[in-house]
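Structure below is input_27.txt: compact mmCIF, C-alpha atoms and all ligand atoms.
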```txt
# COMPACT_ATOMS: atom_id res chain seq x y z
CA MET A 451 0.00 0.00 0.00
CA ASN A 452 1.23 3.53 -0.79
CA LYS A 453 2.33 5.56 2.18
CA PRO A 454 0.58 8.89 2.76
CA HIS A 455 2.55 11.98 1.76
CA VAL A 456 3.34 14.75 4.24
CA PHE A 457 4.92 18.17 3.85
CA LEU A 458 7.38 19.52 6.43
CA ALA A 459 7.78 23.29 6.26
CA GLN A 460 10.96 23.10 8.34
CA SER A 461 13.59 20.55 9.27
CA VAL A 462 13.06 18.27 12.29
CA PRO A 463 15.56 16.30 14.43
CA ASP A 464 16.83 13.05 12.86
CA SER A 465 14.93 10.83 15.33
CA VAL A 466 11.70 12.61 14.40
CA LEU A 467 12.38 12.40 10.67
CA SER A 468 13.07 8.71 10.99
CA TYR A 469 9.71 8.22 12.77
CA ILE A 470 7.90 10.14 10.03
CA ALA A 471 9.71 8.15 7.30
CA ASP A 472 8.56 4.87 8.88
CA HIS A 473 4.96 5.84 8.17
CA CYS A 474 4.91 8.44 5.38
CA ASP A 475 6.68 9.74 2.31
CA TYR A 476 7.69 13.34 2.90
CA THR A 477 8.93 16.55 1.32
CA ILE A 478 10.92 19.13 3.32
CA TRP A 479 10.91 22.82 2.41
CA ASP A 480 14.63 23.61 2.24
CA LYS A 481 14.67 27.20 0.97
CA ASP A 482 15.59 30.12 3.24
CA GLU A 483 12.51 32.16 2.33
CA LYS A 484 9.10 30.84 3.39
CA PRO A 485 6.78 29.43 0.69
CA THR A 486 4.30 31.93 -0.74
CA THR A 487 0.61 31.28 -0.17
CA GLU A 488 0.25 30.11 -3.78
CA GLN A 489 3.18 27.71 -3.44
CA LEU A 490 1.78 26.37 -0.19
CA LYS A 491 -1.70 25.84 -1.68
CA GLU A 492 -0.19 23.82 -4.48
CA ILE A 493 1.94 21.72 -2.08
CA LEU A 494 -1.01 21.06 0.22
CA ARG A 495 -3.20 19.91 -2.71
CA HIS A 496 -0.83 16.94 -3.02
CA SER A 497 -0.34 16.26 0.70
CA ASP A 498 -2.19 14.18 3.29
CA GLY A 499 -0.71 16.19 6.13
CA ALA A 500 1.58 19.12 6.83
CA LEU A 501 3.82 20.35 9.63
CA LEU A 502 3.52 24.13 9.38
CA THR A 503 4.95 25.40 12.71
CA SER A 504 6.34 28.74 11.56
CA LEU A 505 3.60 29.41 8.99
CA SER A 506 -0.15 29.98 9.28
CA ALA A 507 -3.27 28.34 7.85
CA ASP A 508 -6.91 29.24 7.35
CA GLU A 509 -9.95 28.08 5.38
CA GLU A 510 -8.85 29.85 2.20
CA LEU A 511 -5.54 27.98 2.21
CA VAL A 512 -7.04 24.48 2.45
CA LYS A 513 -10.38 24.80 0.63
CA ASN A 514 -9.23 22.96 -2.49
CA CYS A 515 -7.02 20.42 -0.73
CA GLU A 516 -9.08 17.25 -1.06
CA ARG A 517 -6.37 14.95 0.31
CA LEU A 518 -5.33 17.05 3.27
CA LYS A 519 -6.41 15.65 6.64
CA VAL A 520 -4.17 17.34 9.21
CA ILE A 521 -2.12 20.45 9.85
CA SER A 522 0.26 20.06 12.77
CA THR A 523 2.17 22.79 14.59
CA ALA A 524 5.04 22.10 16.99
CA THR A 525 3.81 24.82 19.35
CA VAL A 526 1.10 24.90 21.98
CA GLY A 527 -0.16 28.35 20.94
CA TYR A 528 -2.16 28.22 17.72
CA ASP A 529 -3.15 31.86 17.18
CA ARG A 530 -1.79 31.85 13.60
CA PHE A 531 -4.16 29.02 12.66
CA ASP A 532 -7.93 28.92 12.22
CA PRO A 533 -9.15 25.56 13.57
CA ILE A 534 -12.79 26.29 12.68
CA GLY A 535 -11.99 27.19 9.06
CA LEU A 536 -9.82 24.07 8.72
CA ALA A 537 -12.51 21.85 10.27
CA LYS A 538 -15.00 23.02 7.60
CA HIS A 539 -12.78 21.17 5.11
CA ASN A 540 -12.24 18.14 7.38
CA VAL A 541 -8.69 19.16 8.25
CA TYR A 542 -7.60 18.66 11.86
CA LEU A 543 -5.40 21.27 13.54
CA THR A 544 -3.06 19.79 16.15
CA ASN A 545 -0.68 21.43 18.67
CA THR A 546 1.77 20.24 21.36
CA PRO A 547 0.37 20.78 24.87
CA TYR A 548 1.95 19.48 28.12
CA VAL A 549 5.43 18.52 26.82
CA LEU A 550 6.78 22.07 27.21
CA ASP A 551 5.06 23.17 30.42
CA GLU A 552 7.96 22.79 32.88
CA THR A 553 10.51 24.29 30.48
CA VAL A 554 8.40 27.38 29.82
CA ALA A 555 7.71 27.78 33.55
CA ASP A 556 11.49 27.70 34.19
CA LEU A 557 12.03 30.53 31.70
CA LEU A 558 9.21 32.54 33.25
CA PHE A 559 10.84 32.20 36.63
CA GLY A 560 14.11 33.32 35.08
CA LEU A 561 12.31 36.42 33.82
CA ILE A 562 10.72 37.02 37.22
CA LEU A 563 14.12 36.85 38.93
CA SER A 564 15.92 38.90 36.32
CA GLY A 565 13.27 41.62 36.26
CA SER A 566 12.91 41.81 40.05
CA ARG A 567 16.63 41.73 40.88
CA ARG A 568 17.69 43.74 37.77
CA ILE A 569 19.97 40.92 36.64
CA ALA A 570 19.95 41.79 32.92
CA GLU A 571 20.38 45.51 33.59
CA LEU A 572 23.29 45.07 36.01
CA HIS A 573 24.90 42.34 33.89
CA LYS A 574 25.12 44.94 31.16
CA GLU A 575 26.72 47.48 33.54
CA VAL A 576 29.40 44.92 34.45
CA ILE A 577 30.05 44.01 30.80
CA ASP A 578 30.26 47.71 29.88
CA GLY A 579 32.96 48.25 32.54
CA ASN A 580 30.69 50.36 34.74
CA TRP A 581 31.06 48.42 38.01
CA THR A 582 32.14 51.02 40.55
CA ASP A 583 31.67 51.46 44.29
CA LYS A 584 28.41 53.19 43.44
CA THR A 585 26.91 50.32 41.46
CA THR A 586 25.17 48.94 44.53
CA GLN A 587 23.67 52.25 45.57
CA PRO A 588 19.97 52.31 46.64
CA SER A 589 18.76 53.62 43.28
CA LEU A 590 19.90 50.30 41.77
CA TYR A 591 18.33 48.05 44.38
CA GLY A 592 15.86 45.46 43.14
CA GLN A 593 12.63 44.03 44.51
CA ASP A 594 12.23 40.86 46.59
CA VAL A 595 10.51 37.83 45.11
CA TYR A 596 10.39 35.62 48.20
CA LYS A 597 7.02 35.86 50.04
CA LYS A 598 5.65 38.46 47.60
CA THR A 599 2.32 38.21 45.74
CA LEU A 600 2.25 36.64 42.30
CA GLY A 601 -0.71 37.47 40.06
CA ILE A 602 -1.12 35.08 37.18
CA ILE A 603 -3.38 35.98 34.29
CA GLY A 604 -4.15 32.67 32.55
CA MET A 605 -3.63 29.87 35.04
CA GLY A 606 -3.70 26.95 32.63
CA ARG A 607 -1.16 24.19 32.04
CA ILE A 608 1.92 26.45 32.08
CA GLY A 609 0.53 28.99 34.51
CA GLU A 610 0.02 26.28 37.11
CA LYS A 611 3.68 25.19 36.79
CA VAL A 612 4.75 28.79 37.44
CA VAL A 613 2.51 28.85 40.49
CA HIS A 614 4.07 25.59 41.75
CA ARG A 615 7.53 27.18 41.62
CA ALA A 616 6.23 30.36 43.27
CA LYS A 617 4.64 28.46 46.12
CA GLU A 618 7.15 25.70 46.79
CA GLY A 619 10.34 27.65 46.07
CA PHE A 620 9.49 31.21 47.03
CA ASN A 621 6.62 30.95 49.53
CA MET A 622 4.60 33.44 47.48
CA SER A 623 0.89 34.25 47.79
CA VAL A 624 -0.94 33.59 44.54
CA LEU A 625 -3.81 35.44 42.86
CA TYR A 626 -5.10 34.35 39.48
CA HIS A 627 -7.49 35.54 36.80
CA ASN A 628 -9.16 33.09 34.40
CA ARG A 629 -12.66 32.93 32.98
CA SER A 630 -13.25 29.66 34.86
CA ALA A 631 -12.14 28.64 38.37
CA ARG A 632 -9.39 26.07 39.08
CA PRO A 633 -10.53 24.56 42.40
CA GLU A 634 -7.73 21.94 42.52
CA ALA A 635 -5.06 24.66 42.11
CA GLU A 636 -6.83 26.76 44.73
CA GLU A 637 -6.65 23.87 47.15
CA ARG A 638 -3.08 22.83 46.32
CA TYR A 639 -1.49 26.29 46.24
CA GLY A 640 -3.94 28.44 48.19
CA ALA A 641 -4.41 30.41 44.97
CA LYS A 642 -7.28 32.91 44.99
CA LYS A 643 -9.37 33.70 41.88
CA VAL A 644 -9.91 37.45 41.56
CA GLU A 645 -11.12 40.04 39.05
CA LEU A 646 -8.46 41.48 36.75
CA ASP A 647 -8.46 44.87 38.51
CA THR A 648 -7.90 43.30 41.93
CA LEU A 649 -5.04 41.20 40.58
CA LEU A 650 -3.37 44.25 39.05
CA GLU A 651 -3.78 46.33 42.20
CA GLU A 652 -2.55 43.69 44.66
CA SER A 653 0.21 41.77 42.85
CA ASP A 654 3.94 42.46 43.12
CA ILE A 655 4.59 40.38 40.02
CA VAL A 656 2.02 40.03 37.22
CA VAL A 657 2.57 37.14 34.80
CA LEU A 658 0.66 36.84 31.50
CA MET A 659 0.06 33.28 30.30
CA VAL A 660 -3.19 33.51 28.30
CA PRO A 661 -3.59 32.43 24.67
CA LEU A 662 -3.81 35.25 22.13
CA THR A 663 -7.47 35.66 21.15
CA GLU A 664 -9.74 38.57 20.28
CA GLU A 665 -10.57 38.83 23.99
CA THR A 666 -6.94 38.91 25.16
CA THR A 667 -5.56 41.28 22.51
CA HIS A 668 -4.33 44.39 24.38
CA LEU A 669 -5.73 42.95 27.61
CA ILE A 670 -3.05 45.04 29.33
CA GLY A 671 -3.13 48.68 28.20
CA LYS A 672 -2.75 52.15 29.71
CA GLU A 673 -5.65 51.79 32.15
CA GLU A 674 -4.54 48.36 33.39
CA LEU A 675 -0.92 49.48 33.80
CA SER A 676 -2.08 52.46 35.86
CA LYS A 677 -3.67 50.05 38.34
CA MET A 678 -0.41 48.19 39.02
CA LYS A 679 1.85 49.02 41.98
CA GLN A 680 4.74 51.34 41.22
CA THR A 681 7.03 48.57 42.52
CA ALA A 682 5.43 45.86 40.36
CA LEU A 683 7.00 43.80 37.58
CA LEU A 684 5.07 42.75 34.45
CA VAL A 685 6.13 39.47 32.84
CA ASN A 686 4.83 38.38 29.41
CA GLY A 687 5.34 34.76 28.34
CA ALA A 688 2.10 34.59 26.33
CA ARG A 689 2.05 36.53 23.06
CA GLY A 690 3.20 40.09 22.34
CA PRO A 691 -0.18 41.57 21.38
CA VAL A 692 -1.65 40.69 24.80
CA ILE A 693 0.08 43.94 25.89
CA ASP A 694 -0.39 47.32 24.25
CA GLU A 695 3.36 47.92 23.85
CA LYS A 696 2.96 51.65 23.32
CA ALA A 697 1.28 51.96 26.70
CA LEU A 698 3.91 49.73 28.32
CA ILE A 699 6.78 51.81 26.94
CA GLU A 700 5.13 54.92 28.41
CA ALA A 701 4.66 53.22 31.80
CA LEU A 702 8.28 52.04 31.84
CA THR A 703 9.67 55.40 30.76
CA THR A 704 7.78 57.27 33.47
CA ASN A 705 8.50 54.57 36.09
CA GLU A 706 4.80 54.03 36.58
CA ILE A 707 5.77 50.38 37.17
CA PHE A 708 9.12 48.96 38.29
CA GLY A 709 9.90 46.98 35.16
CA ALA A 710 8.94 44.40 32.57
CA ALA A 711 10.40 41.06 31.58
CA LEU A 712 9.28 39.96 28.13
CA ASP A 713 9.76 36.87 25.99
CA VAL A 714 7.20 37.83 23.32
CA PHE A 715 6.55 40.98 21.30
CA GLU A 716 4.03 42.57 18.94
CA GLN A 717 6.67 42.32 16.21
CA GLU A 718 9.17 39.42 16.22
CA PRO A 719 12.11 39.64 15.79
CA LEU A 720 12.20 43.00 17.56
CA PRO A 721 13.31 45.74 15.12
CA SER A 722 16.74 47.20 15.92
CA ASN A 723 15.28 50.67 16.62
CA HIS A 724 12.57 49.42 19.01
CA PRO A 725 12.14 51.64 22.14
CA PHE A 726 12.47 48.58 24.43
CA LEU A 727 16.13 48.36 23.43
CA SER A 728 16.98 51.67 25.05
CA LEU A 729 15.09 51.08 28.30
CA LYS A 730 17.01 49.89 31.36
CA ASN A 731 14.10 48.46 33.32
CA VAL A 732 13.39 45.60 30.90
CA THR A 733 14.65 42.06 30.50
CA LEU A 734 14.18 40.88 26.90
CA THR A 735 14.45 37.33 25.56
CA PRO A 736 13.82 36.29 21.93
CA HIS A 737 10.71 34.06 22.34
CA ILE A 738 12.62 31.16 23.93
CA GLY A 739 10.02 29.83 26.37
CA SER A 740 10.34 26.22 25.20
CA ALA A 741 13.81 26.47 23.66
CA THR A 742 15.83 23.70 25.32
CA ALA A 743 17.20 20.86 23.22
CA ALA A 744 15.19 18.17 25.02
CA THR A 745 11.90 20.05 25.00
CA ARG A 746 12.13 21.18 21.37
CA GLU A 747 12.80 17.55 20.39
CA ALA A 748 9.84 16.36 22.48
CA MET A 749 7.61 18.98 20.83
CA ALA A 750 8.80 17.97 17.35
CA MET A 751 8.08 14.30 18.14
CA ARG A 752 4.64 15.09 19.50
CA ALA A 753 3.87 17.18 16.41
CA ALA A 754 5.10 14.32 14.21
CA GLU A 755 2.90 11.79 16.02
CA ASN A 756 -0.10 14.04 15.44
CA LEU A 757 0.89 14.53 11.81
CA VAL A 758 1.33 10.83 11.10
CA ALA A 759 -1.90 9.85 12.87
CA GLY A 760 -3.89 12.41 10.89
CA ALA A 761 -2.25 11.52 7.57
CA LEU A 762 -3.07 7.83 8.19
CA GLY A 763 -6.73 8.77 8.65
CA LYS A 764 -6.75 8.38 12.44
CA THR A 765 -7.75 10.98 15.03
CA PRO A 766 -4.58 12.61 16.41
CA VAL A 767 -4.17 12.95 20.20
CA ASP A 768 -3.88 16.74 20.24
CA VAL A 769 -6.71 17.95 18.03
CA VAL A 770 -7.38 21.62 18.83
CA LYS A 771 -11.03 21.93 19.79
CA LYS A 772 -12.33 25.43 19.66
N1 LIG B 1 6.82 32.26 25.24
C1 LIG B 1 6.76 31.04 24.75
O1 LIG B 1 7.73 30.52 24.19
C2 LIG B 1 5.51 30.25 24.90
C3 LIG B 1 4.28 30.88 24.90
N2 LIG B 1 3.14 30.16 25.05
C4 LIG B 1 1.83 30.84 25.09
O2 LIG B 1 1.17 30.52 26.31
C5 LIG B 1 -0.18 30.26 26.06
C6 LIG B 1 -0.75 29.40 27.17
O3 LIG B 1 -0.33 28.07 27.09
P1 LIG B 1 -0.96 26.92 28.01
O4 LIG B 1 -0.74 27.21 29.45
O5 LIG B 1 -0.51 25.63 27.48
O6 LIG B 1 -2.51 27.12 27.69
P2 LIG B 1 -3.79 26.74 28.54
O7 LIG B 1 -4.92 26.73 27.58
O8 LIG B 1 -3.54 25.53 29.38
O9 LIG B 1 -3.94 27.98 29.55
C7 LIG B 1 -4.44 29.21 29.16
C8 LIG B 1 -5.17 29.83 30.34
O10 LIG B 1 -5.63 31.12 29.95
C9 LIG B 1 -6.96 31.32 30.44
N3 LIG B 1 -7.67 32.24 29.55
C10 LIG B 1 -8.01 32.06 28.25
N4 LIG B 1 -8.68 33.14 27.79
C11 LIG B 1 -8.75 34.01 28.83
C12 LIG B 1 -9.33 35.30 28.99
N5 LIG B 1 -9.98 35.91 27.98
N6 LIG B 1 -9.22 35.91 30.18
C13 LIG B 1 -8.59 35.29 31.22
N7 LIG B 1 -8.04 34.06 31.14
C14 LIG B 1 -8.12 33.45 29.95
C15 LIG B 1 -7.57 29.91 30.41
O11 LIG B 1 -8.59 29.79 31.41
P3 LIG B 1 -10.14 30.03 31.06
O12 LIG B 1 -10.41 29.28 29.79
O13 LIG B 1 -10.85 29.53 32.27
O14 LIG B 1 -10.28 31.50 30.90
C16 LIG B 1 -6.39 29.04 30.78
O15 LIG B 1 -6.33 28.85 32.17
C17 LIG B 1 -0.17 29.64 24.66
O16 LIG B 1 -1.41 29.80 24.03
C18 LIG B 1 0.94 30.39 23.95
O17 LIG B 1 0.42 31.52 23.30
C19 LIG B 1 3.18 28.81 25.24
C20 LIG B 1 4.37 28.15 25.23
C21 LIG B 1 5.63 28.80 25.05
O1 LIG B 2 5.32 30.06 21.74
C1 LIG B 2 5.42 28.87 21.73
C2 LIG B 2 4.33 27.96 21.78
O2 LIG B 2 4.60 26.74 21.89
O3 LIG B 2 3.18 28.40 21.66
```
The structure given in the file should be rewritten as structure tokens.
Ligand SMILES: NC(=O)C1=CN([C@@H]2O[C@H](COP(=O)(O)OP(=O)(O)OC[C@H]3O[C@@H](n4cnc5c(N)ncnc54)[C@H](OP(=O)(O)O)[C@@H]3O)[C@@H](O)[C@H]2O)C=CC1
Ligand SMILES: O=CC(=O)O
Amino acid sequence: MNKPHVFLAQSVPDSVLSYIADHCDYTIWDKDEKPTTEQLKEILRHSDGALLTSLSADEELVKNCERLKVISTATVGYDRFDPIGLAKHNVYLTNTPYVLDETVADLLFGLILSGSRRIAELHKEVIDGNWTDKTTQPSLYGQDVYKKTLGIIGMGRIGEKVVHRAKEGFNMSVLYHNRSARPEAEERYGAKKVELDTLLEESDIVVLMVPLTEETTHLIGKEELSKMKQTALLVNGARGPVIDEKALIEALTTNEIFGAALDVFEQEPLPSNHPFLSLKNVTLTPHIGSATAATREAMAMRAAENLVAGALGKTPVDVVKK
């Protein structure tokens, strides 16, 4: 029997490629520039499945792809994909939940510590040769993390792992804001569900871990920033557009809040003239939440398992249900 054919828009680790090859024939996109929409439409017309992590897909893209059964992304966030539009043409969208949770929570804690204790800012002073007797003067003191109040907006899979670290490692109090309650997390960590305004007013560290949707776009803007403590840190591990960056830059410039630690941005990569680059009270990382060798390989394998299952006409484990 002929194997199904799958398209890989980017390379995958050898172990993952070997798994795919056991079940499917495949084509890998090996050009530096991404395929155009027209090229992608043509490729997908001849494919049973596709791994499209760094691309996007909607109804228009797949409407004439009779063979196509699954689009897989090796990410947990799927804001660049339209699961409802794909489902109209019997194409599953799959993502990679769970396998990255601990790794992303580690990075978020790194951002919390760097932002609170000014690690990135003072690292730069040392590198630039500016370590003098005055470097540890009060104006350069940081904020404590231990025993402070963490406010988590979006306490889902990853958010809960952040809360675990906050509670067990740093004895923090935890507030959270979700649309639905998480009674088991409330019991385990003493976390308290509150309205957004209360969370902003009472937290020392605010962490964003919501998916990017219409509802969460610019969830944090001028008004919300004005409700935060002047000593508070804002951490974004979700998606850039969850924050109105213009408002954040204003709040950071006027010291309306203590600082921000950001892994995601409205425009990625950040342009070289972006105002964030000249602010001292920010820690910036280039969207590396899940970027460890082991976790990226686990995500690629999970995405491949979803891809192969779908291409073989089975229901993949991680079908996005919207
Ligand atoms: N920086 C990075 O490298 C990474 C970023 N991410 C981002 O993190 C996101 C979260 O991942 P994950 O924890 O797995 O997702 P989950 O779906 O497990 O958690 C998301 C949480 O957000 C809450 N939420 C959703 N909409 C709203 C809303 N309008 N208001 C308040 N709360 C809301 C949900 O609760 P409820 O439904 O009850 O509201 C849920 O608890 C991903 O979608 C992705 O964008 C993920 C991995 C790495
Ligand atoms: O941003 C990364 C993801 O997995 O989503």
Considering only C-alpha atoms and all ligand atoms, can you say which of A:Leu734, A:Ala753, A:Ile603, A:Ala641 comes closest to ligand LIG 2 (chain B)? A:Ala753
Which residues of chain A come within 10 Å of ligand LIG 2 (chain B), and what is each one's closest atom pair and distance in Å (one decimal), counting all atoms listed in the file, sorted by chain and residue number, as JSON lines?
```
{"residue": "A:Thr503", "atom": "CA", "partner": "B:LIG2", "partner_atom": "O2", "distance": 9.3}
{"residue": "A:Thr523", "atom": "CA", "partner": "B:LIG2", "partner_atom": "O2", "distance": 8.6}
{"residue": "A:Ala524", "atom": "CA", "partner": "B:LIG2", "partner_atom": "O2", "distance": 6.8}
{"residue": "A:Thr525", "atom": "CA", "partner": "B:LIG2", "partner_atom": "O2", "distance": 3.3}
{"residue": "A:Val526", "atom": "CA", "partner": "B:LIG2", "partner_atom": "O2", "distance": 4.0}
{"residue": "A:Gly527", "atom": "CA", "partner": "B:LIG2", "partner_atom": "O3", "distance": 3.4}
{"residue": "A:Tyr528", "atom": "CA", "partner": "B:LIG2", "partner_atom": "O3", "distance": 6.6}
{"residue": "A:Asp529", "atom": "CA", "partner": "B:LIG2", "partner_atom": "O3", "distance": 8.5}
{"residue": "A:Asn545", "atom": "CA", "partner": "B:LIG2", "partner_atom": "O2", "distance": 8.2}
{"residue": "A:Thr546", "atom": "CA", "partner": "B:LIG2", "partner_atom": "O2", "distance": 7.1}
{"residue": "A:Pro547", "atom": "CA", "partner": "B:LIG2", "partner_atom": "O2", "distance": 7.9}
{"residue": "A:Tyr548", "atom": "CA", "partner": "B:LIG2", "partner_atom": "O2", "distance": 9.9}
{"residue": "A:Val549", "atom": "CA", "partner": "B:LIG2", "partner_atom": "O2", "distance": 9.6}
{"residue": "A:Leu550", "atom": "CA", "partner": "B:LIG2", "partner_atom": "O2", "distance": 7.4}
{"residue": "A:Asp551", "atom": "CA", "partner": "B:LIG2", "partner_atom": "O2", "distance": 9.3}
{"residue": "A:Val554", "atom": "CA", "partner": "B:LIG2", "partner_atom": "C1", "distance": 8.7}
{"residue": "A:Pro661", "atom": "CA", "partner": "B:LIG2", "partner_atom": "O3", "distance": 8.4}
{"residue": "A:Leu662", "atom": "CA", "partner": "B:LIG2", "partner_atom": "O3", "distance": 9.8}
{"residue": "A:Gly687", "atom": "CA", "partner": "B:LIG2", "partner_atom": "O1", "distance": 8.1}
{"residue": "A:Ala688", "atom": "CA", "partner": "B:LIG2", "partner_atom": "O1", "distance": 7.2}
{"residue": "A:Arg689", "atom": "CA", "partner": "B:LIG2", "partner_atom": "O1", "distance": 7.4}
{"residue": "A:Asp713", "atom": "CA", "partner": "B:LIG2", "partner_atom": "O1", "distance": 9.2}
{"residue": "A:Val714", "atom": "CA", "partner": "B:LIG2", "partner_atom": "O1", "distance": 8.1}
{"residue": "A:His737", "atom": "CA", "partner": "B:LIG2", "partner_atom": "O1", "distance": 6.7}
{"residue": "A:Ile738", "atom": "CA", "partner": "B:LIG2", "partner_atom": "O1", "distance": 7.7}
{"residue": "A:Gly739", "atom": "CA", "partner": "B:LIG2", "partner_atom": "O1", "distance": 6.6}
{"residue": "A:Ser740", "atom": "CA", "partner": "B:LIG2", "partner_atom": "C1", "distance": 6.6}
{"residue": "A:Ala741", "atom": "CA", "partner": "B:LIG2", "partner_atom": "C1", "distance": 8.9}
{"residue": "A:Arg746", "atom": "CA", "partner": "B:LIG2", "partner_atom": "O2", "distance": 9.4}
{"residue": "A:Met749", "atom": "CA", "partner": "B:LIG2", "partner_atom": "O2", "distance": 8.4}
```
Keeping only C-alpha atoms, write the selected residues as a compact mmCIF listing (two decimals), in the frame of the given file.
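As a result, part.txt now contains:
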```txt
# COMPACT_ATOMS: atom_id res chain seq x y z
CA THR A 503 4.95 25.40 12.71
CA THR A 523 2.17 22.79 14.59
CA ALA A 524 5.04 22.10 16.99
CA THR A 525 3.81 24.82 19.35
CA VAL A 526 1.10 24.90 21.98
CA GLY A 527 -0.16 28.35 20.94
CA TYR A 528 -2.16 28.22 17.72
CA ASP A 529 -3.15 31.86 17.18
CA ASN A 545 -0.68 21.43 18.67
CA THR A 546 1.77 20.24 21.36
CA PRO A 547 0.37 20.78 24.87
CA TYR A 548 1.95 19.48 28.12
CA VAL A 549 5.43 18.52 26.82
CA LEU A 550 6.78 22.07 27.21
CA ASP A 551 5.06 23.17 30.42
CA VAL A 554 8.40 27.38 29.82
CA PRO A 661 -3.59 32.43 24.67
CA LEU A 662 -3.81 35.25 22.13
CA GLY A 687 5.34 34.76 28.34
CA ALA A 688 2.10 34.59 26.33
CA ARG A 689 2.05 36.53 23.06
CA ASP A 713 9.76 36.87 25.99
CA VAL A 714 7.20 37.83 23.32
CA HIS A 737 10.71 34.06 22.34
CA ILE A 738 12.62 31.16 23.93
CA GLY A 739 10.02 29.83 26.37
CA SER A 740 10.34 26.22 25.20
CA ALA A 741 13.81 26.47 23.66
CA ARG A 746 12.13 21.18 21.37
CA MET A 749 7.61 18.98 20.83
```
Min atom-atom distance to A:Pro736 from the set A:Gly763, A:Gly640, A:Gly604, A:Gly690, counting all atoms listed in the file, belongs to A:Gly690
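Considering the residues A:Leu572, A:Val692, A:Val512, A:Leu502 and counting only C-alpha atoms and all ligand atoms, ligand LIG 1 (chain B) has its shortest atom-to-atom contact with A:Val692.
With distances restricted to all atoms listed in the file, A:Arg530 is the closest residue to ligand LIG 1 (chain B) from A:Lys574, A:Arg567, A:Lys598, A:Arg530.
Residue nearest A:Val770 within the list A:Cys515, A:Ile534, A:Leu702, A:Met451: A:Ile534 [criterion: smallest interatomic distance, all atoms listed in the file].
For the pair atom CA of A:Glu637 and atom C17 of ligand LIG 1 (chain B), the separation is 24.1 Å.
Residue neighbourhood of A:Pro485, excluding near-sequence residues (fewer than 2 positions): Phe457, Leu458, Ala459, Gln460, Ile478, Trp479, Asp480, Lys481, Asp482, Glu483, Thr487, Glu488, Gln489, Leu490, Lys491, Glu492, Ile493, Leu494, Leu502, Ser504, Leu505 and Ser506 of chain A, at 12 Å, using only C-alpha atoms.
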Dump as an MDAnalysis selection string all residues having an atom at most 10 Å from (5.6, 28.7, 36.4), computed in the file's coordinates with all atoms listed in the file. chainID A and resid 551:560 562 602 605 607:617 657 659
Put a box with edges along x, y and z around all the listed atoms of ligand LIG 1 (chain B), pad it by 3 Å on each side, then give me its centre and sizes in Å, one decimal, as AutoDock Vina command-line options.
```
--center_x -1.6 --center_y 30.7 --center_z 27.8 --size_x 24.6 --size_y 16.4 --size_z 15.0
```
Separation of atom C6 of ligand LIG 1 (chain B) and atom CA of A:Asp498, in Å? 28.4 Å
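The space between atom CA of A:Gly619 and atom CA of A:Glu634 spans 19.3 Å.
Of the listed residues A:Asp654, A:Lys643, A:Phe708, A:Thr745, the one whose atoms come nearest to A:Tyr591 is A:Phe708, with distances taken using all atoms listed in the file.
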From (0.8, 41.2, 33.9), in the file's coordinates, out to 12 Å: which residues are reached, counting all atoms listed in the file? Answer as an MDAnalysis selection string. chainID A and resid 562 600:604 625:627 646:647 649:660 666 668:671 674:679 682:690 692:694 698 707 709:712
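For A:Lys519, the non-local neighbours within 6 Å, defined as residues at least 6 positions apart in the same chain or in other chains and counting all atoms listed in the file, are Asp498, Gly499, Val541, Gly760 and Ala761 of chain A.
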When you look at A:Met751 with a cut-off of 9 Å (counting all atoms listed in the file), what residues show up, excluding the ones that are within fewer than 6 positions of it in the same chain? I need them as a list in words. Val462, Pro463, Ser465, Val466, Leu467, Tyr469 and Ala524 of chain A
